[in-house]
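The next block is query.cif, given as mmCIF, C-alpha atoms.
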```
data_final
#
loop_
_atom_site.label_atom_id
_atom_site.label_comp_id
_atom_site.auth_asym_id
_atom_site.auth_seq_id
_atom_site.Cartn_x
_atom_site.Cartn_y
_atom_site.Cartn_z
CA LEU Q 17 20.27 -21.48 -20.93
CA GLY Q 18 23.29 -20.44 -18.90
CA SER Q 19 26.23 -21.74 -16.90
CA GLY Q 20 27.28 -21.92 -13.27
CA THR Q 21 29.90 -23.20 -10.86
CA LEU Q 22 29.43 -25.54 -7.92
CA ILE Q 23 30.95 -23.79 -4.87
CA ALA Q 24 29.45 -25.96 -2.09
CA PRO Q 25 27.73 -29.37 -2.11
CA ASN Q 26 24.32 -27.88 -2.95
CA TRP Q 27 25.14 -24.30 -3.96
CA VAL Q 28 25.81 -22.96 -7.46
CA LEU Q 29 27.28 -19.55 -8.23
CA THR Q 30 25.95 -17.88 -11.37
CA ALA Q 31 25.08 -14.49 -12.87
CA ALA Q 32 22.22 -12.46 -11.39
CA HIS Q 33 20.60 -11.93 -14.79
CA MET Q 34 20.19 -15.71 -15.02
CA VAL Q 35 17.65 -15.68 -12.18
CA ASP Q 36 15.66 -12.62 -13.22
CA ASP Q 37 11.96 -13.48 -13.37
CA ILE Q 38 12.41 -17.27 -13.28
CA MET Q 39 9.79 -19.43 -11.59
CA SER Q 40 11.66 -22.74 -11.48
CA GLY Q 41 14.88 -24.25 -12.74
CA THR Q 42 17.30 -27.13 -12.84
CA VAL Q 43 21.09 -27.34 -12.91
CA THR Q 44 22.75 -30.24 -14.73
CA PHE Q 45 26.06 -31.78 -13.67
CA GLY Q 46 27.19 -34.57 -15.94
CA ALA Q 47 24.03 -36.50 -16.82
CA THR Q 48 22.19 -35.62 -13.61
CA GLU Q 49 19.67 -32.82 -13.21
CA TYR Q 50 19.30 -31.17 -9.82
CA ALA Q 51 16.24 -29.09 -9.01
CA ALA Q 52 16.70 -25.57 -7.73
CA GLU Q 53 15.17 -25.07 -4.29
CA SER Q 54 15.74 -21.32 -4.15
CA TRP Q 55 17.82 -18.60 -5.75
CA VAL Q 56 18.88 -15.12 -4.80
CA ALA Q 57 20.54 -12.30 -6.73
CA HIS Q 58 22.76 -9.75 -5.04
CA SER Q 59 20.64 -7.02 -3.44
CA LYS Q 60 22.34 -4.31 -5.51
CA TRP Q 61 21.69 -5.98 -8.85
CA ASN Q 62 19.45 -3.65 -10.86
CA GLY Q 63 19.84 -4.95 -14.40
CA ASP Q 64 22.68 -2.61 -15.32
CA LEU Q 65 25.59 -4.83 -16.38
CA LEU Q 66 28.10 -1.99 -16.21
CA LYS Q 67 27.23 -1.36 -12.56
CA GLY Q 68 28.38 -4.87 -11.70
CA ASN Q 69 26.66 -6.88 -8.98
CA ASP Q 70 25.73 -9.46 -11.65
CA ILE Q 71 26.04 -12.39 -9.28
CA ALA Q 72 23.56 -14.85 -7.79
CA LEU Q 73 23.36 -18.09 -5.84
CA ILE Q 74 21.19 -21.11 -6.53
CA LYS Q 75 20.45 -23.58 -3.74
CA LEU Q 76 19.80 -27.12 -4.94
CA THR Q 77 17.33 -29.48 -3.31
CA THR Q 78 20.01 -32.16 -2.93
CA GLU Q 79 23.78 -32.25 -2.80
CA VAL Q 80 25.78 -32.87 -5.98
CA VAL Q 81 27.55 -36.23 -5.91
CA GLY Q 82 30.96 -36.99 -7.38
CA ILE Q 83 32.05 -33.42 -8.13
CA ASP Q 84 34.33 -31.32 -5.95
CA ALA Q 85 33.19 -27.78 -5.28
CA ALA Q 86 35.37 -25.01 -6.68
CA VAL Q 87 37.67 -23.05 -4.39
CA ARG Q 88 37.02 -19.31 -4.51
CA TYR Q 89 39.74 -16.71 -4.94
CA THR Q 90 40.23 -14.49 -1.90
CA GLY Q 91 42.99 -12.16 -3.13
CA SER Q 92 42.79 -8.92 -5.07
CA ASP Q 93 45.52 -9.09 -7.71
CA GLU Q 94 43.72 -10.69 -10.67
CA LEU Q 95 45.01 -8.03 -13.06
CA GLY Q 96 47.51 -9.43 -15.58
CA LYS Q 97 46.80 -13.05 -14.71
CA THR Q 98 45.59 -15.58 -17.27
CA GLY Q 99 41.97 -16.49 -16.73
CA THR Q 100 40.40 -19.68 -18.07
CA ALA Q 101 36.74 -19.03 -18.85
CA VAL Q 102 34.36 -22.00 -18.85
CA GLY Q 103 30.77 -22.20 -20.02
CA TYR Q 104 28.16 -23.75 -22.29
CA GLY Q 105 27.82 -20.81 -24.66
CA MET Q 106 27.80 -20.45 -28.43
CA GLY Q 107 30.90 -21.44 -30.44
CA GLY Q 108 32.88 -20.04 -33.33
CA THR Q 109 36.24 -18.42 -34.06
CA GLY Q 110 37.72 -14.98 -33.75
CA GLU Q 111 36.97 -14.40 -37.41
CA THR Q 112 33.38 -15.68 -37.45
CA GLY Q 113 32.28 -14.69 -33.98
CA ALA Q 114 29.68 -16.79 -32.16
CA VAL Q 115 27.79 -18.76 -34.80
CA THR Q 116 27.12 -22.29 -33.47
CA ALA Q 117 24.44 -23.19 -30.94
CA ALA Q 118 24.98 -23.04 -27.21
CA GLY Q 119 24.94 -26.17 -25.07
CA THR Q 120 28.47 -27.56 -25.52
CA LYS Q 121 31.03 -27.09 -22.77
CA ARG Q 122 33.86 -24.89 -24.00
CA ALA Q 123 36.82 -23.18 -22.39
CA GLY Q 124 39.76 -20.97 -23.29
CA ASP Q 125 42.24 -18.48 -21.95
CA ASN Q 126 42.47 -14.72 -21.83
CA VAL Q 127 44.52 -12.22 -19.88
CA ILE Q 128 42.62 -10.22 -17.28
CA ASP Q 129 43.38 -6.84 -18.81
CA ALA Q 130 41.54 -4.24 -16.75
CA PHE Q 131 39.24 -3.54 -13.83
CA TYR Q 132 35.98 -1.64 -14.20
CA GLY Q 133 33.70 0.09 -11.72
CA GLY Q 134 34.29 1.26 -8.20
CA LYS Q 135 34.40 4.83 -6.97
CA GLY Q 136 35.97 6.44 -3.96
CA LYS Q 137 36.77 3.74 -1.46
CA LYS Q 138 34.85 1.08 -3.38
CA ALA Q 139 36.97 -1.46 -5.25
CA PRO Q 140 36.14 -2.35 -8.87
CA ASN Q 141 33.68 -5.25 -9.07
CA ILE Q 142 34.22 -6.17 -12.75
CA PHE Q 143 37.26 -7.29 -14.68
CA LEU Q 144 37.61 -7.12 -18.47
CA SER Q 145 39.40 -9.14 -21.15
CA ASP Q 146 39.67 -8.45 -24.87
CA PHE Q 147 39.86 -10.87 -27.82
CA ASP Q 148 43.29 -10.14 -29.32
CA ASN Q 149 43.61 -10.59 -33.08
CA PRO Q 150 46.87 -12.23 -34.24
CA GLY Q 151 46.52 -10.59 -37.65
CA TYR Q 152 45.60 -7.10 -36.56
CA PRO Q 153 47.01 -5.76 -33.26
CA GLY Q 154 44.79 -2.69 -33.59
CA ASP Q 155 41.83 -4.80 -32.49
CA SER Q 156 43.23 -4.92 -28.97
CA ALA Q 157 41.29 -2.68 -26.61
CA TYR Q 158 43.30 -3.25 -23.43
CA GLY Q 159 46.73 -4.49 -22.42
CA SER Q 160 49.01 -6.48 -24.71
CA SER Q 161 47.86 -7.08 -28.27
CA THR Q 162 49.58 -10.49 -28.40
CA PRO Q 163 47.02 -13.32 -28.15
CA LEU Q 164 47.53 -16.36 -25.93
CA PRO Q 165 47.81 -19.81 -27.57
CA LEU Q 166 44.21 -20.54 -26.50
CA GLU Q 167 42.91 -16.96 -26.79
CA TYR Q 168 39.16 -17.03 -26.20
CA LEU Q 169 36.12 -14.91 -25.50
CA ILE Q 170 32.82 -15.84 -23.86
CA ALA Q 171 29.59 -15.81 -25.88
CA PRO Q 172 25.83 -15.97 -25.23
CA GLY Q 173 25.07 -19.02 -23.07
CA ASP Q 174 28.25 -18.65 -21.00
CA SER Q 175 26.50 -16.37 -18.50
CA GLY Q 176 27.20 -17.42 -14.95
CA GLY Q 177 30.10 -19.70 -15.85
CA GLY Q 178 33.42 -19.39 -14.07
CA VAL Q 179 36.78 -17.80 -14.76
CA PHE Q 180 39.62 -19.66 -13.06
CA ILE Q 181 43.15 -18.48 -12.31
CA ASP Q 182 46.18 -20.51 -11.27
CA ILE Q 183 47.30 -19.69 -7.73
CA ASN Q 184 50.30 -21.77 -6.64
CA GLY Q 185 49.27 -24.65 -8.88
CA GLU Q 186 45.58 -24.63 -7.91
CA PHE Q 187 42.87 -23.31 -10.20
CA VAL Q 188 40.55 -21.10 -8.16
CA LEU Q 189 37.32 -19.33 -9.11
CA ALA Q 190 38.00 -15.63 -9.69
CA GLY Q 191 35.16 -14.46 -11.94
CA VAL Q 192 31.59 -15.02 -13.06
CA ASN Q 193 30.84 -14.53 -16.77
CA SER Q 194 28.58 -11.51 -17.09
CA PHE Q 195 28.55 -9.77 -20.49
CA GLY Q 196 30.21 -9.10 -23.81
CA ALA Q 197 30.79 -5.69 -25.38
CA SER Q 198 32.16 -4.26 -28.60
CA PHE Q 199 33.38 -1.01 -30.05
CA ASP Q 200 32.28 -1.73 -33.62
CA GLY Q 201 28.57 -1.94 -32.85
CA ASN Q 202 28.44 -5.67 -33.54
CA THR Q 203 28.86 -7.59 -30.30
CA ASN Q 204 29.30 -11.17 -31.49
CA SER Q 205 32.42 -12.42 -29.64
CA ASP Q 206 34.75 -11.91 -32.61
CA TYR Q 207 38.21 -10.36 -32.56
CA GLY Q 208 38.25 -7.00 -30.83
CA ASP Q 209 35.24 -7.71 -28.63
CA VAL Q 210 35.50 -7.54 -24.85
CA SER Q 211 34.14 -9.70 -22.02
CA GLY Q 212 33.10 -8.54 -18.57
CA HIS Q 213 33.21 -10.73 -15.48
CA THR Q 214 32.02 -10.19 -11.90
CA ARG Q 215 34.95 -10.35 -9.48
CA VAL Q 216 34.30 -13.16 -6.99
CA SER Q 217 36.77 -11.66 -4.52
CA GLU Q 218 34.51 -8.62 -4.06
CA PHE Q 219 31.51 -10.77 -3.16
CA ASN Q 220 32.96 -13.51 -0.95
CA LYS Q 221 31.38 -12.10 2.21
CA TRP Q 222 27.96 -11.90 0.54
CA ILE Q 223 28.36 -15.48 -0.70
CA ASP Q 224 29.34 -16.76 2.76
CA ASP Q 225 26.55 -14.84 4.49
CA THR Q 226 23.93 -16.05 2.00
CA ILE Q 227 24.96 -19.69 2.35
CA ALA Q 228 25.07 -19.41 6.13
CA GLY Q 229 21.57 -17.94 6.10
CA GLY Q 230 20.20 -20.73 3.96
CA GLY Q 231 19.58 -18.63 0.87
CA GLY Q 232 16.26 -17.05 1.80
CA GLY Q 233 13.27 -17.15 -0.51
CA LYS Q 234 13.02 -17.28 -4.25
CA GLY Q 235 13.53 -14.05 -6.07
CA GLY Q 236 15.46 -12.36 -8.80
CA GLY Q 237 17.05 -8.95 -8.76
CA LYS Q 238 15.39 -5.62 -9.37
CA GLY Q 239 15.98 -5.39 -13.09
CA ASN Q 240 15.59 -7.30 -16.31
CA GLY Q 241 19.30 -7.65 -17.01
CA LYS Q 242 19.06 -6.14 -20.47
CA GLY Q 243 22.27 -4.13 -20.18
CA GLY Q 244 22.39 -1.35 -22.70
CA GLY Q 245 24.51 1.76 -22.82
CA LYS Q 246 27.81 2.07 -24.64
CA PRO Q 247 29.62 0.15 -25.96
CA SER Q 248 27.04 -2.21 -27.43
CA MET Q 249 26.61 -5.25 -25.22
CA PHE Q 250 25.12 -8.68 -24.81
CA GLU Q 251 24.43 -10.77 -21.75
CA SER Q 252 26.80 -13.70 -21.91
#
```
As C-alpha cells:
Amino acid sequence: LGSGTLIAPNWVLTAAHMVDDIMSGTVTFGATEYAAESWVAHSKWNGDLLKGNDIALIKLTTEVVGIDAAVRYTGSDELGKTGTAVGYGMGGTGETGAVTAAGTKRAGDNVIDAFYGGKGKKAPNIFLSDFDNPGYPGDSAYGSSTPLPLEYLIAPGDSGGGVFIDINGEFVLAGVNSFGASFDGNTNSDYGDVSGHTRVSEFNKWIDDTIAGGGGGKGGGKGNGKGGGKPSMFES
C-alpha cells in the first residue's frame, strides 16, 4: 500500500521503492481502479534511501477521468517554504506517533527545513522536514522549532505521495514522500522525527524523457528499498 500523484492523464509519479519486485498493480482514484500497464524506477535507484533517486513512474492502461494532473515544480528554491504532504499512510498525533491503520487520505503542513545529498556539482536530491514539538523545542532537528498550525509528518503508507508548495497562488508538486527517520532509535512519526522527500525539480528531465519514451518495460530498481544506516529509518 502506497500513494502517488497523477502528473499526466495516464501517468502516476510515486516512490521507486513502491515498484521494487512487483508483478502487477492498480492505482485507485476516487472509487475507480486503474490497472498499471508498466512501471519504471529511476536508473540510479539502488535501495539506499539516503542516496535519493527514490522516484518512479507508473503508466496506466487508460487515462484517468475527472481529475486534473498535478503541475510539477520547476524551480530550485524549496528551502524554507511550507510543504503540504499528502498520502494514505498511518495516522496518529505527535505524541502517539503513527498508530492507526493506513488507507485514509491525510494531509498536513511542514516547513522544508534542509536539503540532503549532492556532491561537487550535483545538486541535493532530497529535502527534509522535522516534526516540531510545541511543548519541547529541543525536539527540533532542523530550522525553526516553532510548529505550524497544521504541523505534520508522513508515516508508513504515505510513500510516493506528493508534497505541494504554493507558487503564486498555485499548488505545485515539489516532492515525493520517501522515508522517515529518527534520532531516538524509534522511527514512528512522533515529535522529533524527520521526513525525507525526493525533490521533483531534480528529476523533471527524467520524468519528461520517460513519458516521451512511453515508459519502457516493467521493472523495479536495483535494490529492495530497505533503507538502513543512521539515523534509524522507515520507508514511508
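When you apply the PyMOL selection byres ((chain Q and resi 178) around 6) to this structure, what comes back is Ala101, Val102, Gly177, Val179, Gly191 and Val192 of chain Q.
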| query | Which one is closest to Q:Asp36: Q:Glu53, Q:Asp129, Q:Asp70, Q:Asp200? Count all atoms listed in the file. | reply | Q:Asp70
| task | Rank nothing, just name the residue among Q:Gly185, Q:Ala130, Q:Arg122, Q:Ser54 nearest to Q:Gly105, using all atoms listed in the file. | result | Q:Arg122
| said: Quick one: residues within 12 Å of Q:Thr120, only C-alpha atoms, excluding same-chain residues fewer than 6 positions away - as a list in words? | reply: Leu17, Gly18, Ser19, Gly46, Val102, Gly103, Tyr104, Gly105, Met106, Gly107, Gly108, Ala171, Pro172, Gly173 and Asp174 of chain Q
| task | Could you list the residues chosen by the PyMOL selection byres ((chain Q and resi 133-145) around 6) in this structure as a PyMOL selection string? | result | chain Q and resi 68+128-132+146+210-215
Those selected residues, please, written with C-alpha atoms and delivered as an mmCIF file, in the frame of the given file.
```cif
data_model
loop_
_atom_site.group_PDB
_atom_site.id
_atom_site.type_symbol
_atom_site.label_atom_id
_atom_site.label_comp_id
_atom_site.auth_asym_id
_atom_site.auth_seq_id
_atom_site.Cartn_x
_atom_site.Cartn_y
_atom_site.Cartn_z
ATOM 1 C CA GLY Q 68 28.380 -4.870 -11.700
ATOM 2 C CA ILE Q 128 42.620 -10.220 -17.280
ATOM 3 C CA ASP Q 129 43.380 -6.840 -18.810
ATOM 4 C CA ALA Q 130 41.540 -4.240 -16.750
ATOM 5 C CA PHE Q 131 39.240 -3.540 -13.830
ATOM 6 C CA TYR Q 132 35.980 -1.640 -14.200
ATOM 7 C CA ASP Q 146 39.670 -8.450 -24.870
ATOM 8 C CA VAL Q 210 35.500 -7.540 -24.850
ATOM 9 C CA SER Q 211 34.140 -9.700 -22.020
ATOM 10 C CA GLY Q 212 33.100 -8.540 -18.570
ATOM 11 C CA HIS Q 213 33.210 -10.730 -15.480
ATOM 12 C CA THR Q 214 32.020 -10.190 -11.900
ATOM 13 C CA ARG Q 215 34.950 -10.350 -9.480
#
```
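For the structure shown here, the set of residues caught by the PyMOL selection byres ((chain Q and resi 111) around 9) is Gly108, Thr109, Gly110, Thr112, Gly113, Asn149, Asp206 and Tyr207 of chain Q.
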| task | Select, counting only C-alpha atoms, all protein, DNA and RNA residues no farther than 7 Å from (41.1, -18.9, -27.2) in file coordinates, and express the selection as a count of residues only. | result | 8
| query | From the list Q:Val35, Q:Gly151, Q:Thr162, Q:Ser175, which residue is nearest Q:His58 when using only C-alpha atoms? | reply | Q:Val35
| Q:Asn26 environment, 7 Å, all atoms listed in the file, sequence neighbours closer than 4 positions dropped, as number ranges by chain | Q: 75-76, 78-80
| request: Identify, on the basis of all atoms listed in the file, every residue whose closest approach to Q:Ala24 does not exceed 10 Å; exclude the query and any residue fewer than 2 positions from it along the same chain; express the result as a list in words. | output: Thr21, Leu22, Asn26, Trp27, Val28, Leu29, Lys75, Glu79, Val80, Ile83, Asp84, Ala85, Ala86, Val87 and Ile227 of chain Q
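Comparing Q:Leu164, Q:Ile74, Q:Leu65, Q:Tyr152 by their smallest distance to Q:Val127, the closest is Q:Leu164 (using only C-alpha atoms).
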